[in-house]
Amino acid sequence: MITKSKNLIALFAALFLLLLGIQAYFMYKTYQVKEREIYRDVHARLTNYTDRLEDLGGIKSRTDDTIQKILIRYHDKKISKKDFLEYFKKNRKENEKHLSDYVDASFKKEGYKIATKTEYISIIYIPDSTRLIDQPITLYETRNKVSNPKISNTGKWETTSRSTTNDDTPGRNDSFILKSNTGFEILNIKTIIFKELALLTICCAAILASVLLLYIFTVKNLARQQKQVEVLHTVVDNISHEFKTPIATLKIASKTLKKEWNPETLPLIDRQINRLENLMIQLHKDETSEETLSIQLEDWNFFVEDLAFTYPQTNFDLSNKVTEELPFDHHLMETLIKNLCENSVKYGASDVKINISNSLQILKIEISDNGCGIEKKELAHIFEKFYRIQANNIHNTKGLGLGLYFVKKIVTKYGGNIEVSSLPKTETTFKISVPYEN
């Protein structure tokens with residue numbers, strides 16, 4: 001299930017990124033289409049006027065031959081380049097206001113901020129193919145300057161003038177080829193398009209946000225379900241581990257009763273049945289009260305007696321110095337004592353010493369054995385879930401690696417402390433101190 005959840009999350013993330021890419025591409029294409037539409041509209045409305053833009057100061061509309069004479073005089077080097085350029089500069093300034101006012105008025109309603117410029121890009125004297133200019137000359141320009149023209153119109157025409165002599169014989173033929181370029185730019189095009197696409201942008205953002213929220217909700221839901229599964233596994237691990245000891249004890253008690261009658265066996269059976277009932281209660285916590293059974297003075301003795309009955313080959317030496325009833329969960333303390341002692345038996349101990357005492361509102365438990373001990377490198381891991389001590393990468397003892405894990409959980413639950421010391425092949429000692437309040 002966890003693997004499927006991870007795959008689902010990965011698939012969801014991939015689809016979300018795909019949707020994000022599609023939305024971004026869609027918005028980009030919409031922006032481009034809208035930009036072309038606006039420029040096409042502006043271009044169409046300016047086309048008729050741009051045909052007459054050069055008439056404001058160019059050659060086409062002049063009834064006299066002023067510019068033609070300027071070109072001839074410049075070609076003949078009768079005026080300097082500075083004077084030649086100054087003529088066009090003066091002409092540009094004279095027409096700038098008229099042109100700017102016209103363009104601004106034409107697109108005031110739409111709010112377009114338009115910049116346009118017409119320039120001569122080439123002037124060639126035909127008879128000798130002399131190029132009169134080496135860089136464009138601006139014929140006119142609006143107050144708003146063009147930096148990156150989006151649409152440009154080019155034009156090309158030829159002008160001719162023929163001079164005559166005093167005797168009316170043909171004179172010099174002066175012809176020029178001129179190329180012009182008119183370009184314009186909408187300076188606030190991005191603002192205009194974003195305003196027009198505001199509703200579409202909001203809708204796309206809302207869709208993406210909805211998908212993202214659904215994604216987050218799904219991930220959280222999967223994480224919550226995974227946590228519930230982990231809790232369920234922990235409960236099952238706990239219960240299955242705890243069922244082993246009382247069941248084994250009941251089997252031994254049953255065999256004992258079959259051989260001979262022993263009145264001391266009946267209380268032992270009752271205690272194991274109670275323990276099984278407590279384990280069943282853990283499976284139905286929501287159906288039972290939170291009230292826990294405190295530990296009586298004799299309960300500590302019963303814990304060890306049950307162990308001695310279950311493991312007759314092991315000597316359990318109990319020193320019980322507890323002087324009062326203690327406010328600890330009976331089942332948890334039984335689990336703590338029996339898990340530690342059973343762990344000693346599992347790893348070869350023949351003698352297990354249990355010292356239990358209380359003073360200054362602190363419960364102290366010390367359990368030592370003469371088993372095989374624990375290597376120093378293993379001590380840092382023995383309380384980890386499912387961890388088991390290995391020899392040459394082989395587990396030599398049976399079990400799930402849950403006993404000491406549960407011991408640590410119980411001590412932590414009560415805010416206590418646990419210390420372990422061990423000498424390999426000699427002994428191991430667990431010291432536990434747990435605070436309590438009367």
# chains A, B, ... in the order shown; residues from 1 in each chain; ligands from 1
$ residues_around --residues "Glu298 of chain A" --least-positions-apart "4" --cutoff "10 Å" --atoms "only C-alpha atoms" --output "NGL selection string"
:A and (302-303 or 320 or 322 or 325)
$ write_last_selection --atoms "C-alpha atoms" --output "short mmCIF file (atom, residue, chain, number, x, y, z; two decimals), in the first residue's frame"
data_model
loop_
_atom_site.label_atom_id
_atom_site.label_comp_id
_atom_site.auth_asym_id
_atom_site.auth_seq_id
_atom_site.Cartn_x
_atom_site.Cartn_y
_atom_site.Cartn_z
CA PHE A 302 3.73 -12.83 40.98
CA PHE A 303 5.57 -11.52 37.92
CA ASN A 320 11.40 -6.92 46.36
CA VAL A 322 8.77 -1.92 47.35
CA GLU A 325 1.16 0.51 46.08
#
$ select_by_dssp --residues "segment 19-241 of chain A" --states "helix (DSSP H, G or I)" --output "ChimeraX atom specification"
/A:19-56,66-75,81-106,189-196,198-241
$ atom_distance --atom1 "atom CA of Asn144 of chain A" --atom2 "atom CA of Trp157 of chain A"
27.8 Å
$ select_by_dssp --residues "segment 11-148 of chain A" --states "strand (DSSP E or B)" --output "PyMOL selection string"
chain A and resi 114-125+130-131+137-141
$ residues_around --residues "Cys341 of chain A" --least-positions-apart "3" --cutoff "9 Å" --atoms "only C-alpha atoms" --output "PyMOL selection string"
chain A and resi 304+307+316+336-338+344-346+352-354+367-369
$ residues_around --residues "segment 14-27 of chain A" --least-positions-apart "5" --cutoff "12 Å" --atoms "only C-alpha atoms" --output "tab-separated table (two decimals) with N, CA and C atoms, in the first residue's frame"
chain	number	residue	atom	x	y	z
A	7	ASN	N	3.73	5.77	-5.55
A	7	ASN	CA	3.54	5.83	-7.00
A	7	ASN	C	2.44	6.81	-7.37
A	8	LEU	N	1.37	6.81	-6.55
A	8	LEU	CA	0.27	7.73	-6.81
A	8	LEU	C	0.71	9.17	-6.63
A	9	ILE	N	1.49	9.43	-5.61
A	9	ILE	CA	1.99	10.78	-5.37
A	9	ILE	C	2.89	11.22	-6.53
A	32	GLN	N	0.72	35.94	-27.28
A	32	GLN	CA	1.24	36.21	-28.61
A	32	GLN	C	0.12	36.54	-29.60
A	33	VAL	N	-0.98	35.77	-29.53
A	33	VAL	CA	-2.11	36.02	-30.43
A	33	VAL	C	-2.70	37.40	-30.18
A	34	LYS	N	-2.87	37.73	-28.91
A	34	LYS	CA	-3.43	39.03	-28.55
A	34	LYS	C	-2.51	40.15	-29.00
A	193	ILE	N	-2.19	44.04	-22.65
A	193	ILE	CA	-2.57	42.63	-22.81
A	193	ILE	C	-2.88	41.99	-21.46
A	194	PHE	N	-2.07	42.28	-20.46
A	194	PHE	CA	-2.31	41.69	-19.14
A	194	PHE	C	-3.65	42.14	-18.56
A	197	LEU	N	-6.25	40.15	-20.37
A	197	LEU	CA	-6.21	38.73	-20.02
A	197	LEU	C	-6.32	38.49	-18.51
A	198	ALA	N	-6.68	39.53	-17.77
A	198	ALA	CA	-6.72	39.40	-16.31
A	198	ALA	C	-7.67	38.29	-15.86
A	199	LEU	N	-8.89	38.27	-16.44
A	199	LEU	CA	-9.88	37.26	-16.05
A	199	LEU	C	-9.39	35.86	-16.39
A	200	LEU	N	-8.81	35.71	-17.58
A	200	LEU	CA	-8.29	34.41	-17.99
A	200	LEU	C	-7.15	33.97	-17.07
A	201	THR	N	-6.29	34.92	-16.72
A	201	THR	CA	-5.17	34.60	-15.83
A	201	THR	C	-5.67	34.16	-14.46
A	202	ILE	N	-6.68	34.85	-13.95
A	202	ILE	CA	-7.24	34.49	-12.64
A	202	ILE	C	-7.85	33.10	-12.69
A	203	CYS	N	-8.56	32.79	-13.78
A	203	CYS	CA	-9.18	31.47	-13.91
A	203	CYS	C	-8.12	30.38	-13.96
A	204	CYS	N	-7.07	30.61	-14.73
A	204	CYS	CA	-5.99	29.62	-14.81
A	204	CYS	C	-5.31	29.43	-13.46
A	205	ALA	N	-5.08	30.54	-12.76
A	205	ALA	CA	-4.46	30.45	-11.44
A	205	ALA	C	-5.37	29.70	-10.46
A	206	ALA	N	-6.70	29.95	-10.58
A	206	ALA	CA	-7.65	29.26	-9.71
A	206	ALA	C	-7.64	27.75	-9.98
A	207	ILE	N	-7.56	27.38	-11.25
A	207	ILE	CA	-7.52	25.96	-11.60
A	207	ILE	C	-6.26	25.31	-11.04
A	208	LEU	N	-5.12	25.97	-11.22
A	208	LEU	CA	-3.86	25.43	-10.70
A	208	LEU	C	-3.88	25.34	-9.19
A	209	ALA	N	-4.44	26.38	-8.54
A	209	ALA	CA	-4.51	26.36	-7.07
A	209	ALA	C	-5.41	25.23	-6.59
A	210	SER	N	-6.52	25.00	-7.30
A	210	SER	CA	-7.43	23.92	-6.92
A	210	SER	C	-6.75	22.56	-7.05
A	211	VAL	N	-6.03	22.38	-8.15
A	211	VAL	CA	-5.32	21.11	-8.34
A	211	VAL	C	-4.24	20.93	-7.28
A	212	LEU	N	-3.54	22.03	-6.96
A	212	LEU	CA	-2.49	21.95	-5.94
A	212	LEU	C	-3.08	21.63	-4.57
A	213	LEU	N	-4.20	22.27	-4.23
A	213	LEU	CA	-4.85	21.98	-2.95
A	213	LEU	C	-5.32	20.53	-2.90
A	214	LEU	N	-5.87	20.06	-4.02
A	214	LEU	CA	-6.29	18.66	-4.07
A	214	LEU	C	-5.09	17.73	-3.91
A	215	TYR	N	-3.99	18.12	-4.51
A	215	TYR	CA	-2.75	17.33	-4.38
A	215	TYR	C	-2.28	17.29	-2.92
A	216	ILE	N	-2.26	18.47	-2.28
A	216	ILE	CA	-1.82	18.54	-0.88
A	216	ILE	C	-2.76	17.72	0.01
$ closest_residue --among "A:His98, A:Lys108, A:Arg131, A:Lys408" --to "Ile177 of chain A" --atoms "only C-alpha atoms"
A:Arg131
$ atom_distance --atom1 "atom CA of Tyr125 of chain A" --atom2 "atom CA of Lys90 of chain A"
23.2 Å
$ residues_around --residues "Lys385 of chain A" --least-positions-apart "4" --cutoff "10 Å" --atoms "only C-alpha atoms" --output "list of chain:residue names"
A:Thr234, A:His381, A:Leu400, A:Gly401, A:Leu402, A:Gly403, A:Leu404, A:Tyr405, A:Phe406, A:Lys408
$ write_last_selection --atoms "N, CA and C atoms" --output "JSON list (two decimals), in the first residue's frame"
[["chain", "number", "residue", "atom", "x", "y", "z"],
["A", 234, "THR", "N", 2.18, -1.65, 14.68],
["A", 234, "THR", "CA", 2.80, -1.63, 16.00],
["A", 234, "THR", "C", 1.95, -2.36, 17.03],
["A", 381, "HIS", "N", 22.05, -0.01, 19.76],
["A", 381, "HIS", "CA", 20.94, -0.38, 18.87],
["A", 381, "HIS", "C", 19.93, -1.33, 19.49],
["A", 400, "LEU", "N", 11.22, -11.43, 17.38],
["A", 400, "LEU", "CA", 10.98, -10.38, 16.40],
["A", 400, "LEU", "C", 11.80, -9.13, 16.65],
["A", 401, "GLY", "N", 12.54, -9.08, 17.76],
["A", 401, "GLY", "CA", 13.30, -7.88, 18.08],
["A", 401, "GLY", "C", 12.42, -6.77, 18.63],
["A", 402, "LEU", "N", 11.36, -7.16, 19.38],
["A", 402, "LEU", "CA", 10.42, -6.17, 19.91],
["A", 402, "LEU", "C", 10.48, -6.03, 21.43],
["A", 403, "GLY", "N", 11.05, -7.02, 22.13],
["A", 403, "GLY", "CA", 11.01, -7.01, 23.60],
["A", 403, "GLY", "C", 11.62, -5.77, 24.20],
["A", 404, "LEU", "N", 12.89, -5.48, 23.89],
["A", 404, "LEU", "CA", 13.56, -4.30, 24.46],
["A", 404, "LEU", "C", 12.98, -3.01, 23.89],
["A", 405, "TYR", "N", 12.45, -3.06, 22.67],
["A", 405, "TYR", "CA", 11.80, -1.88, 22.09],
["A", 405, "TYR", "C", 10.61, -1.47, 22.95],
["A", 406, "PHE", "N", 9.80, -2.46, 23.39],
["A", 406, "PHE", "CA", 8.66, -2.16, 24.24],
["A", 406, "PHE", "C", 9.10, -1.68, 25.61],
["A", 408, "LYS", "N", 11.77, 0.09, 26.30],
["A", 408, "LYS", "CA", 12.16, 1.49, 26.14],
["A", 408, "LYS", "C", 10.94, 2.38, 26.02]]
$ residues_around --residues "segment 99-106 of chain A" --least-positions-apart "4" --cutoff "9 Å" --atoms "only C-alpha atoms" --output "compact mmCIF listing (two decimals) with N, CA and C atoms, in the first residue's frame"
# COMPACT_ATOMS: atom_id res chain seq x y z
N ARG A 45 -4.95 50.79 -38.95
CA ARG A 45 -5.46 52.14 -38.76
C ARG A 45 -4.42 53.20 -39.11
N LEU A 46 -3.15 52.83 -39.04
CA LEU A 46 -2.10 53.79 -39.36
C LEU A 46 -1.64 53.72 -40.81
N LEU A 53 2.89 60.07 -44.18
CA LEU A 53 3.81 60.59 -43.16
C LEU A 53 5.00 61.31 -43.77
N LEU A 56 4.96 65.01 -44.76
CA LEU A 56 5.19 66.09 -43.80
C LEU A 56 6.54 66.77 -44.01
N ASN A 95 7.90 68.83 -37.48
CA ASN A 95 6.75 67.92 -37.66
C ASN A 95 6.51 67.00 -36.47
N GLU A 110 -8.23 53.69 -26.71
CA GLU A 110 -7.69 52.38 -26.36
C GLU A 110 -6.59 52.46 -25.32
N GLY A 111 -6.03 53.64 -25.13
CA GLY A 111 -4.97 53.80 -24.13
C GLY A 111 -3.61 53.32 -24.63
N TYR A 112 -3.46 53.24 -25.97
CA TYR A 112 -2.19 52.78 -26.52
C TYR A 112 -1.17 53.92 -26.49
N LYS A 113 0.01 53.58 -26.05
CA LYS A 113 1.12 54.53 -26.06
C LYS A 113 2.03 54.13 -27.22
N ILE A 114 1.90 54.85 -28.36
CA ILE A 114 2.55 54.44 -29.60
C ILE A 114 3.72 55.35 -29.93
N ALA A 115 4.78 54.72 -30.36
CA ALA A 115 5.95 55.44 -30.86
C ALA A 115 6.18 55.03 -32.31
N THR A 116 6.48 56.01 -33.17
CA THR A 116 6.71 55.69 -34.59
C THR A 116 7.86 56.55 -35.11
N TYR A 140 11.34 61.86 -39.49
CA TYR A 140 10.47 62.36 -38.41
C TYR A 140 10.32 61.27 -37.36
N GLU A 141 9.90 61.67 -36.15
CA GLU A 141 9.73 60.73 -35.03
C GLU A 141 8.82 61.36 -34.00
N THR A 142 8.02 60.51 -33.33
CA THR A 142 7.13 61.01 -32.28
C THR A 142 7.92 61.31 -31.01
N ARG A 143 7.21 61.97 -30.09
CA ARG A 143 7.86 62.25 -28.80
C ARG A 143 8.26 60.95 -28.11
N ASN A 144 7.41 59.96 -28.22
CA ASN A 144 7.76 58.63 -27.69
C ASN A 144 8.73 57.97 -28.65
$ closest_atom_pairs --of "segment 351-391 of chain A" --to "segment 415-438 of chain A" --cutoff "6 Å" --atoms "only C-alpha atoms" --output "CSV"
residue,atom,partner,partner_atom,distance
A:Gln361,CA,A:Tyr436,CA,5.5
A:Ile362,CA,A:Pro435,CA,4.3
A:Leu363,CA,A:Val434,CA,5.1
A:Lys364,CA,A:Ser433,CA,4.5
A:Ile365,CA,A:Ile432,CA,5.0
A:Glu366,CA,A:Lys431,CA,4.5
A:Ile367,CA,A:Phe430,CA,5.3
A:Ser368,CA,A:Thr429,CA,4.1
A:Asp369,CA,A:Glu427,CA,5.5
A:Asn370,CA,A:Glu427,CA,4.4
A:Gly371,CA,A:Glu427,CA,5.6
A:Cys372,CA,A:Lys425,CA,4.1
A:Gly373,CA,A:Pro424,CA,4.2
A:Ile374,CA,A:Pro424,CA,5.3
A:Glu375,CA,A:Pro424,CA,5.8
